[in-house]
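Chemist: Pasting query.cif here (mmCIF, C-alpha atoms):
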```cif
data_coords
loop_
_atom_site.group_PDB
_atom_site.id
_atom_site.type_symbol
_atom_site.label_atom_id
_atom_site.label_comp_id
_atom_site.auth_asym_id
_atom_site.auth_seq_id
_atom_site.Cartn_x
_atom_site.Cartn_y
_atom_site.Cartn_z
ATOM 1 C CA MET A 1 -92.016 -113.138 43.522
ATOM 2 C CA LYS A 2 -92.208 -116.389 41.601
ATOM 3 C CA ASP A 3 -88.930 -117.494 43.164
ATOM 4 C CA PHE A 4 -90.426 -116.859 46.581
ATOM 5 C CA PHE A 5 -93.381 -119.135 45.858
ATOM 6 C CA LEU A 6 -91.093 -121.820 44.439
ATOM 7 C CA LEU A 7 -89.091 -121.623 47.655
ATOM 8 C CA VAL A 8 -92.348 -122.013 49.597
ATOM 9 C CA ILE A 9 -93.135 -125.151 47.566
ATOM 10 C CA ILE A 10 -89.742 -126.640 48.362
ATOM 11 C CA MET A 11 -90.027 -125.808 52.073
ATOM 12 C CA LEU A 12 -93.497 -127.351 52.270
ATOM 13 C CA SER A 13 -92.242 -130.491 50.534
ATOM 14 C CA ILE A 14 -89.450 -130.771 53.084
ATOM 15 C CA LEU A 15 -92.022 -130.315 55.871
ATOM 16 C CA VAL A 16 -93.996 -133.182 54.374
ATOM 17 C CA LEU A 17 -90.934 -135.378 54.867
ATOM 18 C CA VAL A 18 -91.270 -134.958 58.646
ATOM 19 C CA TYR A 19 -94.851 -136.175 58.515
ATOM 20 C CA LEU A 20 -93.813 -138.962 56.191
ATOM 21 C CA TYR A 21 -91.319 -140.188 58.765
ATOM 22 C CA ARG A 22 -94.150 -140.458 61.284
ATOM 23 C CA VAL A 23 -96.415 -142.208 58.777
ATOM 24 C CA VAL A 24 -93.790 -144.795 57.894
ATOM 25 C CA GLN A 25 -92.202 -145.236 61.322
ATOM 26 C CA GLY A 26 -95.157 -144.534 63.612
ATOM 27 C CA PRO A 27 -95.599 -147.328 66.125
ATOM 28 C CA THR A 28 -99.411 -147.307 66.151
ATOM 29 C CA VAL A 29 -101.988 -146.866 63.437
ATOM 30 C CA PHE A 30 -103.171 -143.594 64.992
ATOM 31 C CA ASP A 31 -99.775 -142.001 64.392
ATOM 32 C CA ARG A 32 -100.073 -142.962 60.755
ATOM 33 C CA VAL A 33 -103.593 -141.571 60.436
ATOM 34 C CA LEU A 34 -102.571 -138.290 62.052
ATOM 35 C CA GLY A 35 -99.500 -138.132 59.829
ATOM 36 C CA LEU A 36 -101.652 -138.648 56.750
ATOM 37 C CA ASN A 37 -103.922 -135.826 57.894
ATOM 38 C CA GLY A 38 -100.927 -133.530 58.277
ATOM 39 C CA ILE A 39 -99.659 -134.486 54.832
ATOM 40 C CA SER A 40 -103.097 -133.714 53.412
ATOM 41 C CA THR A 41 -103.171 -130.214 54.883
ATOM 42 C CA LYS A 42 -99.714 -129.554 53.442
ATOM 43 C CA ALA A 43 -100.953 -130.901 50.108
ATOM 44 C CA ILE A 44 -103.906 -128.504 50.118
ATOM 45 C CA ILE A 45 -101.629 -125.520 50.699
ATOM 46 C CA LEU A 46 -99.206 -126.838 48.070
ATOM 47 C CA MET A 47 -101.966 -126.933 45.462
ATOM 48 C CA VAL A 48 -102.932 -123.320 46.142
ATOM 49 C CA VAL A 49 -99.295 -122.197 45.987
ATOM 50 C CA ILE A 50 -98.786 -124.038 42.696
ATOM 51 C CA GLY A 51 -101.917 -122.296 41.395
ATOM 52 C CA THR A 52 -100.440 -118.960 42.457
ATOM 53 C CA VAL A 53 -97.234 -119.736 40.549
ATOM 54 C CA TYR A 54 -99.278 -120.542 37.433
ATOM 55 C CA GLU A 55 -101.663 -117.594 38.050
ATOM 56 C CA ARG A 56 -104.689 -119.860 37.733
ATOM 57 C CA GLU A 57 -105.830 -119.754 41.336
ATOM 58 C CA GLU A 58 -109.533 -120.347 40.683
ATOM 59 C CA MET A 59 -109.045 -123.799 39.185
ATOM 60 C CA PHE A 60 -106.494 -124.908 41.774
ATOM 61 C CA VAL A 61 -108.657 -123.725 44.649
ATOM 62 C CA ASP A 62 -111.351 -126.085 43.331
ATOM 63 C CA ILE A 63 -108.930 -129.005 43.420
ATOM 64 C CA SER A 64 -107.722 -128.203 46.909
ATOM 65 C CA THR A 65 -111.326 -128.052 48.123
ATOM 66 C CA GLY A 66 -111.901 -131.491 46.606
ATOM 67 C CA TYR A 67 -108.758 -132.659 48.410
ATOM 68 C CA ALA A 68 -110.080 -131.419 51.724
ATOM 69 C CA LEU A 69 -113.411 -133.228 51.267
ATOM 70 C CA LEU A 70 -111.723 -136.483 50.194
ATOM 71 C CA ASN A 71 -109.346 -136.263 53.112
ATOM 72 C CA LEU A 72 -112.357 -136.208 55.408
ATOM 73 C CA VAL A 73 -113.876 -139.235 53.657
ATOM 74 C CA GLY A 74 -110.610 -141.184 53.887
ATOM 75 C CA ALA A 75 -110.136 -140.388 57.574
ATOM 76 C CA LEU A 76 -113.738 -141.426 58.274
ATOM 77 C CA ALA A 77 -113.215 -144.710 56.417
ATOM 78 C CA VAL A 78 -110.072 -145.491 58.393
ATOM 79 C CA ALA A 79 -111.805 -144.597 61.661
ATOM 80 C CA LYS A 80 -114.766 -146.807 60.784
ATOM 81 C CA PHE A 81 -112.408 -149.654 59.951
ATOM 82 C CA LEU A 82 -110.578 -149.320 63.262
ATOM 83 C CA GLU A 83 -113.863 -149.150 65.141
ATOM 84 C CA GLN A 84 -115.179 -152.355 63.589
ATOM 85 C CA ARG A 85 -111.940 -154.272 63.448
ATOM 86 C CA GLY A 86 -110.390 -153.242 66.723
ATOM 87 C CA LEU A 87 -106.844 -151.994 67.151
ATOM 88 C CA SER A 88 -104.314 -154.147 65.426
ATOM 89 C CA MET B 1 -85.291 -123.359 41.093
ATOM 90 C CA THR B 2 -87.854 -125.264 39.043
ATOM 91 C CA TYR B 3 -85.363 -128.094 38.765
ATOM 92 C CA PHE B 4 -85.174 -128.348 42.572
ATOM 93 C CA VAL B 5 -88.968 -128.469 42.843
ATOM 94 C CA ASN B 6 -89.061 -131.323 40.324
ATOM 95 C CA ILE B 7 -86.372 -133.259 42.173
ATOM 96 C CA THR B 8 -88.074 -132.752 45.557
ATOM 97 C CA LEU B 9 -91.463 -133.914 44.307
ATOM 98 C CA LEU B 10 -90.016 -136.967 42.549
ATOM 99 C CA PHE B 11 -87.992 -137.847 45.651
ATOM 100 C CA LEU B 12 -91.133 -137.710 47.810
ATOM 101 C CA LEU B 13 -92.977 -139.905 45.309
ATOM 102 C CA VAL B 14 -90.297 -142.603 45.154
ATOM 103 C CA LEU B 15 -89.760 -142.569 48.923
ATOM 104 C CA THR B 16 -93.465 -143.026 49.611
ATOM 105 C CA ALA B 17 -93.845 -145.879 47.143
ATOM 106 C CA ALA B 18 -90.789 -147.655 48.539
ATOM 107 C CA SER B 19 -91.981 -147.335 52.127
ATOM 108 C CA ALA B 20 -95.441 -148.630 51.210
ATOM 109 C CA THR B 21 -93.963 -151.767 49.692
ATOM 110 C CA PHE B 22 -90.874 -152.522 51.757
ATOM 111 C CA LEU B 23 -90.844 -150.987 55.207
ATOM 112 C CA VAL B 24 -94.325 -151.724 56.544
ATOM 113 C CA LYS B 25 -95.793 -155.034 57.663
ATOM 114 C CA GLU B 26 -99.385 -154.097 58.493
ATOM 115 C CA LEU B 27 -101.621 -153.841 55.454
ATOM 116 C CA ILE B 28 -103.674 -150.979 56.931
ATOM 117 C CA SER B 29 -100.499 -148.917 57.156
ATOM 118 C CA SER B 30 -99.711 -149.733 53.539
ATOM 119 C CA VAL B 31 -103.163 -148.469 52.582
ATOM 120 C CA ILE B 32 -102.581 -145.203 54.453
ATOM 121 C CA ILE B 33 -99.175 -144.700 52.835
ATOM 122 C CA LEU B 34 -100.693 -145.387 49.411
ATOM 123 C CA GLY B 35 -103.181 -142.595 50.130
ATOM 124 C CA SER B 36 -100.325 -140.144 50.675
ATOM 125 C CA TYR B 37 -98.670 -141.502 47.523
ATOM 126 C CA SER B 38 -101.763 -140.526 45.551
ATOM 127 C CA PHE B 39 -101.603 -137.053 47.074
ATOM 128 C CA PHE B 40 -98.022 -136.615 45.889
ATOM 129 C CA LEU B 41 -98.866 -137.959 42.453
ATOM 130 C CA ALA B 42 -101.732 -135.483 42.170
ATOM 131 C CA ILE B 43 -99.375 -132.661 43.154
ATOM 132 C CA VAL B 44 -96.949 -133.774 40.442
ATOM 133 C CA TRP B 45 -99.758 -133.709 37.867
ATOM 134 C CA ALA B 46 -100.809 -130.253 39.025
ATOM 135 C CA TRP B 47 -97.201 -129.099 38.853
ATOM 136 C CA LEU B 48 -97.086 -130.254 35.222
ATOM 137 C CA GLY B 49 -100.221 -128.210 34.517
ATOM 138 C CA ALA B 50 -102.588 -131.186 33.998
ATOM 139 C CA VAL B 51 -105.202 -129.928 36.416
ATOM 140 C CA ASP B 52 -108.029 -132.278 35.474
ATOM 141 C CA VAL B 53 -105.745 -135.323 35.670
ATOM 142 C CA ALA B 54 -104.691 -134.155 39.133
ATOM 143 C CA PHE B 55 -108.324 -133.906 40.134
ATOM 144 C CA VAL B 56 -109.082 -137.422 38.885
ATOM 145 C CA GLU B 57 -106.009 -138.779 40.688
ATOM 146 C CA ALA B 58 -107.116 -137.119 43.921
ATOM 147 C CA VAL B 59 -110.675 -138.437 43.622
ATOM 148 C CA ILE B 60 -109.874 -141.983 42.486
ATOM 149 C CA GLY B 61 -106.485 -142.579 44.051
ATOM 150 C CA ALA B 62 -106.704 -140.820 47.389
ATOM 151 C CA GLY B 63 -110.429 -141.106 48.005
ATOM 152 C CA LEU B 64 -111.996 -144.089 46.301
ATOM 153 C CA ALA B 65 -109.043 -146.497 46.247
ATOM 154 C CA THR B 66 -108.421 -146.030 49.972
ATOM 155 C CA VAL B 67 -112.034 -146.868 50.768
ATOM 156 C CA LEU B 68 -111.992 -149.875 48.404
ATOM 157 C CA PHE B 69 -108.769 -151.211 49.964
ATOM 158 C CA LEU B 70 -110.279 -150.841 53.426
ATOM 159 C CA VAL B 71 -113.433 -152.697 52.346
ATOM 160 C CA THR B 72 -111.168 -155.475 51.048
ATOM 161 C CA LEU B 73 -109.245 -155.530 54.330
ATOM 162 C CA PHE B 74 -112.478 -156.247 56.175
ATOM 163 C CA ASP B 75 -112.473 -159.708 54.582
ATOM 164 C CA THR B 76 -108.772 -160.528 54.722
ATOM 165 C CA ALA B 77 -106.030 -160.837 57.292
ATOM 166 C CA PRO B 78 -104.724 -157.553 58.723
ATOM 167 C CA LYS B 79 -101.045 -158.452 58.415
ATOM 168 C CA ASP B 80 -98.673 -159.581 55.759
ATOM 169 C CA THR B 81 -98.522 -163.280 56.607
ATOM 170 C CA ARG B 82 -95.528 -164.310 54.554
ATOM 171 C CA LEU B 83 -92.950 -165.566 57.015
ATOM 172 C CA ARG B 84 -90.019 -163.702 55.572
ATOM 173 C CA ARG B 85 -89.614 -161.630 52.475
ATOM 174 C CA PRO B 86 -86.766 -162.642 50.212
ATOM 175 C CA PRO B 87 -84.021 -160.009 50.153
ATOM 176 C CA PRO B 88 -83.862 -158.027 46.921
ATOM 177 C CA PRO B 89 -81.325 -159.374 44.445
ATOM 178 C CA LEU B 90 -77.965 -157.626 44.277
ATOM 179 C CA ALA B 91 -78.307 -156.850 40.579
ATOM 180 C CA GLY B 92 -81.505 -154.931 41.303
ATOM 181 C CA VAL B 93 -79.983 -153.010 44.208
ATOM 182 C CA ILE B 94 -77.053 -151.887 42.074
ATOM 183 C CA GLY B 95 -78.688 -151.748 38.655
ATOM 184 C CA LEU B 96 -81.917 -149.882 39.337
ATOM 185 C CA PRO B 97 -80.297 -146.722 40.852
ATOM 186 C CA LEU B 98 -77.892 -146.708 37.907
ATOM 187 C CA LEU B 99 -80.880 -146.913 35.582
ATOM 188 C CA GLY B 100 -82.471 -143.988 37.444
ATOM 189 C CA PHE B 101 -79.321 -141.875 37.061
ATOM 190 C CA LEU B 102 -79.230 -142.808 33.377
ATOM 191 C CA LEU B 103 -82.844 -141.666 32.947
ATOM 192 C CA LEU B 104 -82.123 -138.357 34.747
ATOM 193 C CA PHE B 105 -79.057 -137.874 32.563
ATOM 194 C CA VAL B 106 -81.017 -138.518 29.360
ATOM 195 C CA ALA B 107 -83.853 -136.262 30.543
ATOM 196 C CA ASN B 108 -81.437 -133.331 30.305
ATOM 197 C CA ASP B 109 -81.665 -133.613 26.517
ATOM 198 C CA LEU B 110 -85.446 -133.256 26.459
ATOM 199 C CA PRO B 111 -86.826 -129.911 25.281
ATOM 200 C CA PRO B 112 -87.726 -127.591 28.181
ATOM 201 C CA PHE B 113 -91.205 -127.810 29.675
ATOM 202 C CA GLY B 114 -93.704 -125.771 27.676
ATOM 203 C CA ASP B 115 -91.293 -125.178 24.777
ATOM 204 C CA PRO B 116 -93.493 -124.187 21.811
ATOM 205 C CA ALA B 117 -90.943 -125.564 19.323
ATOM 206 C CA SER B 118 -90.787 -129.069 20.776
ATOM 207 C CA PRO B 119 -92.000 -131.882 18.493
ATOM 208 C CA ALA B 120 -95.027 -132.601 20.650
ATOM 209 C CA HIS B 121 -96.303 -129.070 20.116
ATOM 210 C CA VAL B 122 -95.714 -128.696 16.385
ATOM 211 C CA HIS B 123 -96.865 -132.062 15.030
ATOM 212 C CA ILE B 124 -100.630 -132.432 15.531
ATOM 213 C CA SER B 125 -101.620 -130.311 18.514
ATOM 214 C CA PRO B 126 -102.114 -127.100 16.461
ATOM 215 C CA VAL B 127 -104.630 -128.909 14.258
ATOM 216 C CA TYR B 128 -106.781 -129.811 17.234
ATOM 217 C CA LEU B 129 -106.353 -126.412 18.858
ATOM 218 C CA GLN B 130 -107.376 -124.546 15.713
ATOM 219 C CA GLN B 131 -110.080 -126.784 14.269
ATOM 220 C CA SER B 132 -111.730 -128.568 17.177
ATOM 221 C CA TYR B 133 -114.164 -125.777 17.963
ATOM 222 C CA ALA B 134 -115.278 -125.501 14.335
ATOM 223 C CA ASP B 135 -115.596 -129.284 14.082
ATOM 224 C CA THR B 136 -117.343 -130.109 17.332
ATOM 225 C CA LEU B 137 -118.596 -126.817 18.866
ATOM 226 C CA THR B 138 -117.061 -127.898 22.201
ATOM 227 C CA PRO B 139 -115.051 -125.199 24.016
ATOM 228 C CA ASN B 140 -112.840 -127.674 25.919
ATOM 229 C CA VAL B 141 -110.288 -129.251 23.578
ATOM 230 C CA VAL B 142 -109.653 -132.278 25.793
ATOM 231 C CA ALA B 143 -113.367 -133.023 26.003
ATOM 232 C CA SER B 144 -113.746 -132.645 22.233
ATOM 233 C CA VAL B 145 -110.896 -135.111 21.583
ATOM 234 C CA LEU B 146 -112.242 -137.580 24.130
ATOM 235 C CA MET B 147 -115.927 -137.369 23.315
ATOM 236 C CA ASP B 148 -115.992 -136.481 19.613
ATOM 237 C CA TYR B 149 -112.848 -137.514 17.779
ATOM 238 C CA ARG B 150 -112.451 -140.699 19.819
ATOM 239 C CA ALA B 151 -116.089 -141.313 20.648
ATOM 240 C CA PHE B 152 -116.035 -145.029 19.738
ATOM 241 C CA ASP B 153 -112.882 -145.575 21.770
ATOM 242 C CA THR B 154 -114.462 -143.976 24.827
ATOM 243 C CA LEU B 155 -117.679 -145.921 24.313
ATOM 244 C CA ILE B 156 -115.902 -149.290 24.231
ATOM 245 C CA GLU B 157 -113.825 -148.318 27.269
ATOM 246 C CA THR B 158 -117.040 -147.587 29.114
ATOM 247 C CA VAL B 159 -118.395 -151.002 28.084
ATOM 248 C CA VAL B 160 -115.241 -152.703 29.415
ATOM 249 C CA ILE B 161 -115.416 -150.902 32.752
ATOM 250 C CA PHE B 162 -119.134 -151.584 33.062
ATOM 251 C CA THR B 163 -118.560 -155.296 32.436
ATOM 252 C CA ALA B 164 -115.814 -155.377 35.059
ATOM 253 C CA GLY B 165 -118.120 -153.680 37.536
ATOM 254 C CA ILE B 166 -120.884 -156.210 36.915
ATOM 255 C CA ALA B 167 -118.399 -159.080 37.372
ATOM 256 C CA CYS B 168 -117.141 -157.633 40.664
ATOM 257 C CA ALA B 169 -120.683 -157.133 41.935
ATOM 258 C CA LEU B 170 -121.607 -160.735 41.078
ATOM 259 C CA LEU B 171 -118.482 -162.121 42.769
ATOM 260 C CA LEU B 172 -119.089 -160.115 45.958
ATOM 261 C CA LYS B 173 -122.740 -161.210 46.007
ATOM 262 C CA GLU B 174 -121.706 -164.892 45.687
ATOM 263 C CA SER B 175 -119.301 -164.704 48.597
ATOM 264 C CA GLY B 176 -121.768 -162.822 50.743
ATOM 265 C CA SER B 177 -124.662 -165.298 50.581
#
```
Any chance you could give the structure as structure tokens?
Modeler:
Amino acid sequence: MKDFFLLVIIMLSILVLVYLYRVVQGPTVFDRVLGLNGISTKAIILMVVIGTVYEREEMFVDISTGYALLNLVGALAVAKFLEQRGLS
Amino acid sequence: MTYFVNITLLFLLVLTAASATFLVKELISSVIILGSYSFFLAIVWAWLGAVDVAFVEAVIGAGLATVLFLVTLFDTAPKDTRLRRPPPPLAGVIGLPLLGFLLLFVANDLPPFGDPASPAHVHISPVYLQQSYADTLTPNVVASVLMDYRAFDTLIETVVIFTAGIACALLLKESGS
């Protein structure tokens, strides 16, 4: 069972690479912001899976919740910046 | 299997840092990529079992630093205005990957992760683990080391950070008026 979760971690990390390509390559800033949001959702799931491997889910669920909140704050900050500054 | 997870996470980390510095011209994009870098770093910390460090990295690195960089970008130019970046020197291109392979090779000789017989776990950690509750009546060992055994150290660190914060606030106030 632990091997299965480790395999899930590796697969999720490879999925993150796809988003990372869009973040790095993406022609506009919106592509990058959306890519970062996708990476953040994968990161949240990764934290919970890592917690399952270590059998300490309760602590890792706290961290992933904090991740989700901070992701919202970061996306709002970027959106506010683009609103005030215009599209570059 | 664990080895593959380590390699994948480290590869993601290095790739993100490299793309934030080399491949992107717009500073806002660099800020966004640095946010994802902090996410990966927090996952690496969590993978190593340092849950509170991962939490601090997520809060400071991914949340606060992104907002601070964006606030800075409000007052500066949005693009990297250097006309052309000098190409990296050949010695660095060849030497740094070799150094990385050397480090990976040497890391094979380290004791396995969580080995109870490794020197880090037999030298002074048992003393703290056994005596810290009797000494300080604090259930969390990390908090007892930080706040009781090294109380003066933490106090002076707080003074340093407070002074830096005051200096930053004064500088921003000068430029604003």
Chemist: Just need the residues of chain B within 8 Å of chain A, counting all atoms listed in the file, so spit them out as a PyMOL selection string.
Modeler: chain B and resi 1-2+4-5+8-9+12+16+19-20+23-24+28-29+32-33+35-36+39-40+43+46-47+51+54-55+58-59+62-63+66-67+70+74+78
Chemist: Quick check, in Å to one decimal: how far apart do CA of Leu48 (chain B) and CA of Gly92 (chain B) lie?
Modeler: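 Calculated distance between CA of Leu48 (chain B) and CA of Gly92 (chain B) is 29.8 Å.
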Chemist: Go ahead and compute the interatomic distance for CA of Glu83 (chain A) and CA of Arg22 (chain A), in Å to one decimal.
Modeler: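 Separation of CA of Glu83 (chain A) and CA of Arg22 (chain A): 21.9 Å.
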Chemist: Give me the residues within 12 Å of Ser144 (chain B) as a list in words, counting all atoms listed in the file and dropping any in the same chain fewer than 3 places off.
Modeler: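 Listed by chain and then number, they are Tyr128, Leu129, Gln131, Ser132, Tyr133, Ala134, Asp135, Thr136, Leu137, Thr138, Pro139, Asn140, Val141, Met147, Asp148, Tyr149, Arg150, Ala151 and Thr154 of chain B.
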Chemist: For a test of reading the model, state the distance in Å between CA of Leu170 (chain B) and CA of Thr72 (chain B), rounded to one decimal.
Modeler: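 These atoms are spaced 15.4 Å apart.
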